[in-house]
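With compact mmCIF, C-alpha atoms inside, this is input.txt:
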# COMPACT_ATOMS: atom_id res chain seq x y z
CA MET Q 21 10.10 -21.42 4.05
CA VAL Q 22 11.92 -24.73 3.57
CA VAL Q 23 11.41 -27.54 6.06
CA PHE Q 24 13.36 -30.80 6.11
CA ALA Q 25 12.43 -33.80 8.22
CA ALA Q 26 15.19 -35.46 10.20
CA ILE Q 27 17.46 -37.71 8.19
CA ALA Q 28 18.78 -40.68 10.13
CA VAL Q 29 22.53 -41.03 9.65
CA ALA Q 30 24.73 -43.68 11.24
CA ILE Q 31 27.14 -41.90 13.58
CA SER Q 32 30.75 -43.02 13.56
CA CYS Q 33 32.18 -42.29 16.98
CA ASP Q 34 34.58 -44.31 19.07
CA ARG Q 35 33.72 -42.63 22.37
CA GLY Q 36 30.90 -43.38 24.77
CA GLY Q 37 29.26 -46.27 22.93
CA ASP Q 38 27.40 -47.48 26.01
CA GLU Q 39 26.30 -43.93 26.90
CA VAL Q 40 24.86 -43.42 23.40
CA ASN Q 41 22.61 -46.42 23.87
CA SER Q 42 21.18 -44.91 27.06
CA LEU Q 43 20.39 -41.52 25.51
CA PRO Q 44 16.97 -40.74 23.98
CA ASN Q 45 16.37 -40.69 20.23
CA LEU Q 46 16.45 -36.92 19.71
CA GLN Q 47 14.71 -35.83 16.51
CA LEU Q 48 15.21 -32.19 15.57
CA MET Q 49 12.96 -30.24 13.22
CA VAL Q 50 14.95 -27.57 11.36
CA GLU Q 51 13.44 -24.78 9.25
CA VAL Q 52 15.08 -22.00 7.26
CA GLU Q 53 13.31 -18.69 6.60
CA ASP Q 54 14.01 -15.13 5.46
CA ILE Q 55 16.94 -16.00 3.24
CA THR Q 56 18.82 -12.96 1.91
CA THR Q 57 22.13 -12.49 0.14
CA THR Q 58 24.15 -12.81 3.35
CA THR Q 59 21.76 -13.99 6.09
CA ALA Q 60 19.23 -16.69 6.89
CA LYS Q 61 16.99 -17.43 9.87
CA ILE Q 62 17.24 -20.94 11.34
CA LYS Q 63 14.48 -22.32 13.59
CA VAL Q 64 15.08 -25.56 15.51
CA SER Q 65 12.57 -27.44 17.67
CA HIS Q 66 12.15 -30.85 19.26
CA GLU Q 67 9.67 -32.71 21.45
CA LEU Q 68 11.98 -33.94 24.22
CA ASP Q 69 12.88 -32.26 27.49
CA ALA Q 70 14.97 -29.10 27.58
CA GLN Q 71 17.87 -30.83 29.35
CA ASN Q 72 18.70 -32.65 26.14
CA THR Q 73 21.48 -30.57 24.64
CA TRP Q 74 22.15 -30.38 20.93
CA TYR Q 75 24.57 -28.74 18.52
CA GLY Q 76 24.19 -27.22 15.06
CA PHE Q 77 26.41 -25.47 12.57
CA VAL Q 78 26.33 -24.12 9.02
CA THR Q 79 28.66 -25.18 6.21
CA ASP Q 80 29.06 -24.50 2.52
CA ASP Q 81 30.46 -28.01 2.04
CA THR Q 82 27.52 -29.69 0.35
CA ALA Q 83 29.49 -32.66 -1.01
CA THR Q 84 31.00 -34.28 2.09
CA ASP Q 85 28.89 -36.71 4.11
CA ALA Q 86 27.07 -34.88 6.92
CA ALA Q 87 28.18 -37.37 9.58
CA THR Q 88 31.80 -36.82 8.59
CA LEU Q 89 31.44 -33.04 8.81
CA LEU Q 90 29.77 -33.39 12.20
CA ASN Q 91 32.54 -35.65 13.52
CA GLU Q 92 35.16 -33.16 12.29
CA ALA Q 93 33.39 -30.25 13.95
CA VAL Q 94 33.05 -32.08 17.28
CA ALA Q 95 36.69 -33.21 17.14
CA LYS Q 96 37.79 -29.58 16.85
CA GLY Q 97 35.96 -28.84 20.08
CA VAL Q 98 32.53 -27.41 20.84
CA GLU Q 99 32.33 -24.59 23.38
CA ALA Q 100 29.72 -24.81 26.12
CA GLU Q 101 27.85 -21.79 24.77
CA GLU Q 102 27.46 -23.58 21.44
CA LEU Q 103 25.35 -26.29 23.05
CA HIS Q 104 21.62 -25.53 23.02
CA ARG Q 105 19.03 -26.71 25.51
CA SER Q 106 15.99 -24.82 24.24
CA LYS Q 107 13.14 -26.80 22.66
CA GLN Q 108 12.39 -23.74 20.48
CA TYR Q 109 15.55 -22.09 19.14
CA ILE Q 110 16.07 -19.33 16.57
CA THR Q 111 19.36 -18.03 15.26
CA ILE Q 112 20.33 -15.68 12.44
CA LEU Q 113 23.18 -16.90 10.28
CA GLU Q 114 25.23 -13.90 9.16
CA GLU Q 115 28.15 -13.09 6.88
CA LEU Q 116 27.13 -15.74 4.36
CA THR Q 117 28.24 -15.51 0.74
CA PRO Q 118 25.66 -14.44 -1.85
CA GLU Q 119 24.36 -17.04 -4.31
CA THR Q 120 25.94 -19.92 -2.37
CA SER Q 121 24.52 -23.29 -1.32
CA TYR Q 122 24.68 -24.12 2.39
CA ARG Q 123 23.68 -26.85 4.80
CA TYR Q 124 22.75 -26.43 8.43
CA ILE Q 125 23.53 -29.67 10.27
CA ALA Q 126 22.25 -30.43 13.76
CA THR Q 127 22.14 -33.40 16.14
CA GLY Q 128 22.10 -34.25 19.82
CA LEU Q 129 25.39 -33.63 21.62
CA THR Q 130 26.15 -33.97 25.32
CA ALA Q 131 28.50 -31.75 27.29
CA GLU Q 132 31.02 -34.60 27.13
CA GLY Q 133 30.96 -34.52 23.35
CA VAL Q 134 28.83 -37.63 22.88
CA GLN Q 135 26.66 -37.52 19.78
CA TYR Q 136 23.18 -39.08 19.94
CA GLY Q 137 19.86 -39.12 18.16
CA GLU Q 138 19.46 -38.39 14.47
CA ILE Q 139 21.27 -35.90 12.29
CA THR Q 140 18.98 -33.30 10.71
CA ILE Q 141 20.05 -31.38 7.63
CA VAL Q 142 18.44 -28.36 5.98
CA GLU Q 143 19.76 -27.09 2.67
CA PHE Q 144 19.33 -23.58 1.28
CA LYS Q 145 20.91 -21.12 -1.11
CA THR Q 146 21.50 -17.44 -0.47
CA LEU Q 147 20.15 -14.89 -2.90
CA LYS Q 148 22.13 -13.43 -5.74
CA GLN Q 149 23.91 -10.18 -4.97
CA THR Q 150 22.48 -7.57 -7.33
CA THR Q 151 24.98 -5.13 -8.72
CA VAL Q 152 24.64 -1.38 -8.79
CA GLN Q 153 24.17 -1.55 -12.54
CA GLU Q 154 21.28 -3.98 -12.17
CA GLU Q 155 19.61 -1.78 -9.55
CA GLU Q 156 19.98 1.53 -11.38
CA TYR Q 157 17.36 2.68 -13.85
CA ASN Q 158 17.97 5.98 -15.61
CA GLY Q 159 19.57 7.44 -12.50
CA MET Q 160 17.13 5.92 -9.99
CA ARG Q 161 18.67 3.47 -7.51
CA ARG Q 162 16.88 1.00 -5.28
CA ASN Q 163 17.27 1.80 -1.60
CA ASP Q 164 17.37 -1.47 0.36
CA ALA Q 165 16.84 0.48 3.59
CA TRP Q 166 13.20 1.06 2.62
CA THR Q 167 10.71 -1.78 2.81
CA VAL Q 168 7.40 -0.80 1.19
CA MET Q 169 4.29 -2.84 2.02
CA TYR Q 170 0.55 -2.62 1.50
CA VAL Q 171 -1.19 -3.41 4.80
CA GLY Q 172 -4.84 -2.85 3.87
CA LYS Q 173 -7.09 -1.75 6.74
CA ASP Q 174 -5.17 0.20 9.36
CA ARG Q 175 -5.49 3.15 11.74
CA LEU Q 176 -3.56 6.37 11.24
CA ASN Q 177 -3.96 9.18 13.78
CA ASP Q 178 -6.94 7.36 15.32
CA VAL Q 179 -8.74 7.15 11.97
CA GLU Q 180 -9.36 3.80 10.28
CA TYR Q 181 -8.66 3.57 6.54
CA ASP Q 182 -9.33 0.75 4.09
CA HIS Q 183 -6.04 1.01 2.18
CA VAL Q 184 -2.82 1.93 3.97
CA VAL Q 185 0.76 1.68 2.70
CA ARG Q 186 3.58 1.57 5.24
CA VAL Q 187 7.29 2.10 4.72
CA ILE Q 188 9.81 0.67 7.17
CA SER Q 189 13.04 2.64 6.93
CA THR Q 190 16.42 1.92 8.49
CA ASP Q 191 18.07 5.12 7.27
CA ASN Q 192 17.26 8.83 7.33
CA ASN Q 193 16.87 9.45 3.61
CA PRO Q 194 13.61 11.41 3.08
CA TYR Q 195 10.88 10.12 0.77
CA ALA Q 196 7.24 10.37 -0.27
CA ILE Q 197 4.82 7.51 -0.93
CA THR Q 198 2.81 6.90 -4.08
CA LEU Q 199 1.03 4.14 -6.02
CA VAL Q 200 0.92 2.92 -9.60
CA TYR Q 201 -1.07 0.23 -11.36
CA ALA Q 202 1.02 -2.92 -11.50
CA ASP Q 203 0.81 -3.26 -15.29
CA ALA Q 204 2.04 0.34 -15.65
CA TYR Q 205 5.09 -0.13 -13.42
CA ASP Q 206 8.31 0.27 -15.38
CA PRO Q 207 11.55 0.86 -13.46
CA TYR Q 208 12.96 2.73 -16.43
CA GLN Q 209 10.13 5.28 -16.13
CA LEU Q 210 10.78 5.93 -12.43
CA LYS Q 211 12.71 9.14 -13.09
CA ASP Q 212 9.76 10.56 -15.01
CA LEU Q 213 7.45 9.50 -12.18
CA ALA Q 214 9.71 11.16 -9.60
CA ASP Q 215 9.89 14.39 -11.64
CA ALA Q 216 6.07 14.48 -11.93
CA MET Q 217 5.68 13.82 -8.21
CA LEU Q 218 8.09 16.68 -7.46
CA VAL Q 219 5.98 19.13 -9.46
CA ASP Q 220 2.75 17.94 -7.81
CA LEU Q 221 4.23 18.14 -4.31
CA LYS Q 222 5.54 21.66 -4.86
CA ASN Q 223 2.23 22.85 -6.33
CA TYR Q 224 0.30 21.30 -3.47
CA LEU Q 225 2.61 22.93 -0.94
CA VAL Q 226 2.06 26.39 -2.46
CA GLU Q 227 -1.73 25.94 -2.58
CA TYR Q 228 -1.90 24.58 0.95
CA ASN Q 229 0.16 27.40 2.43
CA GLU Q 230 -1.90 30.01 0.57
CA GLN Q 231 -5.25 28.54 1.59
CA ASN Q 232 -4.32 27.93 5.23
CA ALA Q 233 -1.94 30.83 5.86
CA THR Q 234 0.79 28.38 6.84
CA SER Q 235 4.50 28.30 6.06
CA PHE Q 236 5.31 24.62 5.68
CA THR Q 237 8.49 23.76 3.80
CA PHE Q 238 9.11 21.03 1.25
CA ALA Q 239 10.94 19.02 3.91
CA ASP Q 240 7.74 19.00 6.00
CA MET Q 241 6.01 16.99 3.27
CA LEU Q 242 8.53 14.14 3.38
CA TYR Q 243 9.00 11.14 5.66
CA THR Q 244 12.26 10.22 7.35
CA GLY Q 245 12.28 6.92 9.18
CA ASN Q 246 9.04 4.93 9.14
CA GLY Q 247 6.02 6.40 7.36
CA ALA Q 248 2.49 5.54 6.31
CA ASP Q 249 -0.16 7.02 4.00
CA PRO Q 250 -3.81 6.12 3.35
CA PHE Q 251 -5.11 5.83 -0.23
CA ASP Q 252 -8.55 5.77 -1.81
CA LEU Q 253 -8.22 2.86 -4.25
CA ASP Q 254 -10.46 1.49 -6.96
CA PRO Q 255 -10.39 -2.28 -7.55
CA GLY Q 256 -7.23 -3.32 -9.38
CA VAL Q 257 -3.67 -4.57 -9.01
CA TYR Q 258 -1.13 -2.07 -7.72
CA ARG Q 259 2.43 -1.49 -6.56
CA ALA Q 260 3.35 1.02 -3.85
CA LEU Q 261 6.54 3.05 -4.04
CA ALA Q 262 8.74 5.13 -1.80
CA VAL Q 263 10.38 7.82 -3.92
CA GLY Q 264 13.28 9.81 -2.52
CA PHE Q 265 13.50 13.61 -2.47
CA THR Q 266 15.91 16.01 -0.81
CA PRO Q 267 14.68 18.47 1.85
CA GLU Q 268 15.58 21.25 -0.59
CA GLY Q 269 13.10 19.93 -3.15
CA GLU Q 270 15.05 17.81 -5.61
CA VAL Q 271 14.76 14.17 -6.71
CA SER Q 272 17.35 12.20 -4.72
CA GLY Q 273 17.39 9.24 -7.11
CA LEU Q 274 16.39 6.65 -4.47
CA PHE Q 275 13.35 4.41 -4.65
CA SER Q 276 11.84 1.21 -3.30
CA VAL Q 277 8.81 -0.70 -4.52
CA SER Q 278 6.37 -3.14 -2.95
CA ASP Q 279 5.20 -6.48 -4.26
CA GLU Q 280 2.04 -6.44 -6.34
CA PHE Q 281 -1.20 -6.36 -4.37
CA GLU Q 282 -4.83 -6.55 -5.42
CA VAL Q 283 -7.78 -4.48 -4.24
CA GLU Q 284 -10.95 -6.48 -4.85
CA GLU Q 285 -14.43 -5.20 -5.59
CA GLN Q 286 -16.64 -5.12 -2.50
CA VAL Q 287 -20.07 -6.70 -2.15
CA PRO Q 288 -22.60 -3.83 -2.29
CA THR Q 289 -24.48 -3.15 0.93
CA PRO Q 290 -28.28 -2.63 1.05
CA ASN Q 291 -27.71 1.07 1.87
CA TYR Q 292 -25.50 1.48 -1.19
CA LEU Q 293 -28.00 -0.30 -3.46
CA ALA Q 294 -30.83 1.92 -2.20
CA TRP Q 295 -29.23 4.93 -3.90
CA LEU Q 296 -29.26 3.31 -7.35
CA GLY Q 297 -31.92 4.22 -9.90
CA ASN Q 298 -33.76 7.27 -11.25
CA TRP Q 299 -34.30 10.33 -9.07
CA THR Q 300 -36.17 13.60 -9.51
CA ILE Q 301 -34.23 16.42 -7.88
CA GLU Q 302 -36.29 19.49 -7.02
CA GLY Q 303 -34.39 22.53 -5.85
CA GLN Q 304 -35.37 25.05 -3.22
CA ASN Q 305 -36.06 27.38 -6.15
CA GLY Q 306 -38.52 24.90 -7.69
CA ALA Q 307 -36.24 23.90 -10.60
CA ILE Q 308 -36.25 20.18 -11.43
CA SER Q 309 -33.67 17.80 -12.88
CA THR Q 310 -34.09 14.06 -13.46
CA VAL Q 311 -30.96 11.96 -13.01
CA ASN Q 312 -29.87 8.35 -12.89
CA ILE Q 313 -27.52 7.07 -10.18
CA ALA Q 314 -25.59 3.99 -11.33
CA ARG Q 315 -22.99 1.80 -9.67
CA LYS Q 316 -19.32 2.51 -10.18
CA HIS Q 317 -17.41 0.81 -7.34
CA ALA Q 318 -19.52 -0.90 -4.72
CA ASN Q 319 -19.77 0.99 -1.41
CA ARG Q 320 -17.35 3.62 -2.69
CA SER Q 321 -18.67 5.58 -5.66
CA PHE Q 322 -21.49 6.16 -8.16
CA VAL Q 323 -21.92 7.63 -11.63
CA MET Q 324 -24.64 10.23 -12.16
CA THR Q 325 -26.08 10.96 -15.61
CA GLY Q 326 -28.90 13.23 -16.74
CA TRP Q 327 -27.84 16.37 -14.91
CA GLU Q 328 -29.02 19.38 -16.95
CA GLY Q 329 -30.44 16.87 -19.43
CA PHE Q 330 -27.04 15.45 -20.50
CA ASN Q 331 -27.40 11.67 -20.50
CA ASP Q 332 -23.94 11.23 -22.02
CA LEU Q 333 -22.05 13.21 -19.37
CA GLU Q 334 -21.03 11.07 -16.40
CA VAL Q 335 -20.41 12.76 -13.06
CA GLU Q 336 -18.51 10.71 -10.51
CA VAL Q 337 -20.02 10.82 -7.03
CA GLU Q 338 -18.28 9.59 -3.88
CA TYR Q 339 -20.14 7.43 -1.38
CA ASN Q 340 -19.50 7.46 2.37
CA ALA Q 341 -20.75 4.18 3.83
CA GLU Q 342 -20.50 5.37 7.41
CA LEU Q 343 -22.75 8.38 6.74
CA ASP Q 344 -24.79 6.62 4.02
CA ALA Q 345 -24.35 9.75 1.90
CA MET Q 346 -23.22 10.79 -1.57
CA PHE Q 347 -20.64 13.55 -2.08
CA PHE Q 348 -20.63 15.73 -5.21
CA TYR Q 349 -17.35 17.49 -6.03
CA SER Q 350 -15.97 19.72 -8.78
CA GLN Q 351 -14.29 17.70 -11.52
CA LEU Q 352 -13.34 17.34 -15.17
CA VAL Q 353 -16.32 15.43 -16.55
CA ALA Q 354 -15.35 14.91 -20.21
CA GLU Q 355 -12.47 15.74 -22.51
CA ASP Q 356 -12.98 16.58 -26.19
CA TYR Q 357 -16.76 16.59 -25.88
CA ASP Q 358 -18.23 17.34 -29.30
CA LEU Q 359 -20.41 20.48 -29.35
CA GLY Q 360 -20.83 20.42 -33.09
CA GLU Q 361 -19.44 22.49 -35.94
CA GLU Q 362 -19.80 25.86 -34.23
CA TYR Q 363 -17.74 25.07 -31.11
CA GLY Q 364 -15.98 21.81 -31.91
CA LYS Q 365 -14.53 19.55 -29.22
CA VAL Q 366 -14.24 21.04 -25.74
CA ASP Q 367 -13.58 20.00 -22.14
CA ILE Q 368 -16.60 19.88 -19.83
CA TYR Q 369 -16.32 20.54 -16.08
CA LEU Q 370 -18.67 20.33 -13.14
CA PHE Q 371 -18.40 23.65 -11.32
CA ALA Q 372 -19.88 24.99 -8.12
CA GLY Q 373 -21.49 28.41 -7.67
CA ASP Q 374 -21.72 30.26 -4.36
CA GLU Q 375 -24.29 32.73 -3.06
CA ASP Q 376 -22.10 35.67 -4.08
CA GLY Q 377 -22.02 34.66 -7.75
CA TYR Q 378 -18.49 33.18 -7.78
CA TYR Q 379 -17.79 29.79 -9.29
CA TYR Q 380 -15.19 27.21 -8.31
CA ASP Q 381 -13.59 24.63 -10.54
CA ASN Q 382 -11.34 21.64 -10.01
CA LYS Q 383 -8.31 23.73 -10.96
CA ASP Q 384 -8.71 25.45 -7.60
CA GLY Q 385 -8.91 22.08 -5.89
CA ASP Q 386 -11.51 19.33 -5.99
CA TYR Q 387 -14.07 21.24 -3.96
CA TYR Q 388 -16.86 19.29 -2.35
CA ILE Q 389 -20.02 20.96 -3.56
CA ALA Q 390 -22.88 19.16 -1.88
CA ILE Q 391 -23.94 16.09 0.09
CA ALA Q 392 -26.92 13.88 -0.70
CA GLY Q 393 -28.06 12.36 2.55
CA ILE Q 394 -31.13 11.24 4.47
CA LEU Q 395 -32.87 13.83 6.64
CA ASP Q 396 -34.42 13.09 10.02
CA GLY Q 397 -37.81 12.45 8.46
CA GLY Q 398 -36.40 9.90 6.01
CA GLN Q 399 -36.44 12.28 3.04
CA ARG Q 400 -33.38 12.17 0.79
CA ALA Q 401 -32.05 15.60 -0.05
CA ILE Q 402 -29.03 17.44 -1.39
CA VAL Q 403 -27.56 20.11 0.88
CA ARG Q 404 -24.50 22.26 0.36
CA TYR Q 405 -21.20 20.96 1.69
CA GLY Q 406 -19.51 22.65 4.64
CA VAL Q 407 -22.67 24.08 6.19
CA ASN Q 408 -20.92 24.53 9.52
CA VAL Q 409 -17.38 25.01 8.22
CA PRO Q 410 -16.22 28.62 8.76
CA GLY Q 411 -14.71 30.15 5.64
CA TYR Q 412 -15.92 27.40 3.30
CA PRO Q 413 -17.75 28.72 0.22
CA LYS Q 414 -21.53 28.74 0.61
CA PHE Q 415 -22.38 26.83 -2.56
CA THR Q 416 -25.93 27.09 -3.82
CA GLN Q 417 -25.80 25.18 -7.15
CA MET Q 418 -23.70 22.92 -9.35
CA PHE Q 419 -23.56 23.11 -13.13
CA PHE Q 420 -21.63 22.10 -16.23
CA MET Q 421 -19.28 24.56 -17.91
CA ALA Q 422 -17.48 24.21 -21.25
CA ASP Q 423 -13.94 25.46 -21.79
CA ILE Q 424 -14.17 27.11 -25.19
CA GLY Q 425 -10.99 28.85 -26.25
CA GLY Q 426 -9.94 29.42 -22.65
CA LYS Q 427 -13.29 30.92 -21.61
CA PHE Q 428 -16.00 29.11 -19.66
CA TYR Q 429 -19.63 28.95 -20.74
CA THR Q 430 -22.68 27.49 -19.01
CA PHE Q 431 -25.47 25.49 -20.68
CA THR Q 432 -28.41 26.19 -18.37
CA LYS Q 433 -29.91 29.39 -16.99
CA GLU Q 434 -29.38 29.85 -13.27
CA GLU Q 435 -33.12 29.84 -12.54
CA ASP Q 436 -33.43 26.43 -14.24
CA LEU Q 437 -30.76 24.79 -12.06
CA PRO Q 438 -31.94 23.12 -8.83
CA SER Q 439 -30.63 25.05 -5.82
CA PHE Q 440 -29.71 23.62 -2.44
CA ILE Q 441 -31.53 22.37 -0.38
CA ALA Q 442 -32.84 20.05 -3.15
CA ALA Q 443 -35.26 17.20 -2.47
CA MET Q 444 -34.63 13.78 -4.04
CA LYS Q 445 -37.73 11.73 -4.87
Kindly return the structure encoded in the file as structure tokens.
Amino acid sequence: MVVFAAIAVAISCDRGGDEVNSLPNLQLMVEVEDITTTTAKIKVSHELDAQNTWYGFVTDDTATDAATLLNEAVAKGVEAEELHRSKQYITILEELTPETSYRYIATGLTAEGVQYGEITIVEFKTLKQTTVQEEEYNGMRRNDAWTVMYVGKDRLNDVEYDHVVRVISTDNNPYAITLVYADAYDPYQLKDLADAMLVDLKNYLVEYNEQNATSFTFADMLYTGNGADPFDLDPGVYRALAVGFTPEGEVSGLFSVSDEFEVEEQVPTPNYLAWLGNWTIEGQNGAISTVNIARKHANRSFVMTGWEGFNDLEVEVEYNAELDAMFFYSQLVAEDYDLGEEYGKVDIYLFAGDEDGYYYDNKDGDYYIAIAGILDGGQRAIVRYGVNVPGYPKFTQMFFMADIGGKFYTFTKEEDLPSFIAAMK
């Protein structure tokens, strides 16, 4: 926003000299905001009564004396509707020329055409008109109809989230919302990002329809008009993007990107801190494992080491501050983990086993395995996730598995793995 104080200019006018002397010294405050390539918002205010009329106009003549321009404008005739009485006035200047310097000139003016008070001038320059070539990156074109913004805490469908991105759209082109780290944002890589998003969206659609016996289409996954998505974000600097797709499931080539925004690390709460440290986990079957719970992101996540005796394998654990509980889920724990000469480097996963002897990995979805919470008596314990969720697998244990040549192998005998419910001491 640019604000200019009133500039006193001697007014050259042959009419109404005596009347000018009887009029108050009107001082206008003029501000310019929201400058674009062809528009600008002008805000005018003053401290006198509303019956004091005034007149303002915009010009691209930045060389001629303002008083001269004002005299010329008044001499041409000012219509009654061009006189303003309001003490707080806002107008949008339209049809301006891109990358052009302008002045908005305003002063007191009576219905009889008598100028009085001081002349106020605000200067501004419209933005440069970007060309199609400047806005196209490997076939991706910026869509000015989408405004992408990070709003932080917000409610969606009556649920409050910490990190929400909203898109304001003035057209009906469909899109999906995503995020990237700010230092990884490269407009020339947007096509690759869009292609990867397309694959993920289609895979998710297939899995969702299979698991829920639904028949949603690709178009059902997209926004048209305004949209908003919540995100679970680690501390860092990000950009949010709207990426265009067709209802038929193709990349449309449209995009829009937000300004950079930062998610800061939270101050850990006493409840969060109380989970840190060494714990002995004793399963319902009597098996014991000693683990360490360490801080990852305050009030959001932990890192667990020591499960099955592996102090160098870090399991990420979610934290729910509202429930004061930890959530264990299936995940890829380590890539290229060295098992020595016999097996070489392998990928290690945290899997879940159910009561029927089946196991579930993160390739079938990041299944929640168990919850570590506080029981009514104050005892901390691990119980299986989805106890009262019909159809959810009845997990009894969690364990590491190594992908060796496309086959999965466990490290620990089933009877030596703590089973749920497992006490934490």
- Within 10 Å of (-26.8, 22.9, -4.6) (coordinates as in the file), grab all the protein and nucleic acid residues, counting all atoms listed in the file, and write them out as a PyMOL selection string. chain Q and resi 303-304+348+372-374+389-392+402-405+414-419+437-442
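Of the residues under consideration (Q:Met160, Q:Val226, Q:Ala314, Q:Leu129), Q:Leu129 shows the shortest atom-to-atom contact distance to Asn91 (chain Q) when counting all atoms listed in the file.
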- Task: Up to 12 Å from (25.3, -16.1, -1.1) in the file's coordinates: name the residues, counting only C-alpha atoms, as a ChimeraX atom specification.
- Result: /Q:55-60,80,113-122,144-150
- Message: Show me, as a list of chain:residue names, the residues that have an atom within 9 Å of Leu293 (chain Q) when counting only C-alpha atoms, minus same-chain residues fewer than 3 positions from it.
- Response: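 After dropping sequence-adjacent residues, the list is Q:Pro288, Q:Thr289, Q:Pro290, Q:Leu296, Q:Gly297, Q:Arg315, Q:Ala318, Q:Asn319.
Shortest atom-to-atom contact with Gly406 (chain Q) among Q:Tyr228, Q:Trp74, Q:Tyr369, Q:Phe347: Q:Phe347, counting only C-alpha atoms.
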- Item | Neighbour list for Val335 (chain Q) as a VMD selection string, cut-off 10 Å, all atoms listed in the file, skip fewer than 6 positions in-chain | chain Q and resid 313 322 to 327 348 to 354 369 to 370 420
Write to file, as a short mmCIF file (atom, residue, chain, number, x, y, z; two decimals), keeping the file's coordinate frame, the residues of the selection just made, with C-alpha atoms.
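Heads up, here's the output in selection25.cif:
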data_model
loop_
_atom_site.label_atom_id
_atom_site.label_comp_id
_atom_site.auth_asym_id
_atom_site.auth_seq_id
_atom_site.Cartn_x
_atom_site.Cartn_y
_atom_site.Cartn_z
CA ILE Q 313 -27.52 7.07 -10.18
CA PHE Q 322 -21.49 6.16 -8.16
CA VAL Q 323 -21.92 7.63 -11.63
CA MET Q 324 -24.64 10.23 -12.16
CA THR Q 325 -26.08 10.96 -15.61
CA GLY Q 326 -28.90 13.23 -16.74
CA TRP Q 327 -27.84 16.37 -14.91
CA PHE Q 348 -20.63 15.73 -5.21
CA TYR Q 349 -17.35 17.49 -6.03
CA SER Q 350 -15.97 19.72 -8.78
CA GLN Q 351 -14.29 17.70 -11.52
CA LEU Q 352 -13.34 17.34 -15.17
CA VAL Q 353 -16.32 15.43 -16.55
CA ALA Q 354 -15.35 14.91 -20.21
CA TYR Q 369 -16.32 20.54 -16.08
CA LEU Q 370 -18.67 20.33 -13.14
CA PHE Q 420 -21.63 22.10 -16.23
#
- Query: What gap, in Å, lies between CA of Arg320 (chain Q) and CA of Phe251 (chain Q)?
  - Reply: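 We find that CA of Arg320 (chain Q) and CA of Phe251 (chain Q) lie 12.7 Å from each other.
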- Determine, counting all atoms listed in the file, which protein, DNA and RNA residues have an atom within 12 Å of an atom of Asp212 (chain Q); residues of the same chain fewer than 3 positions away are not included. Present the result as a ChimeraX atom specification. /Q:157-160,205-209,215-219,263,271,273
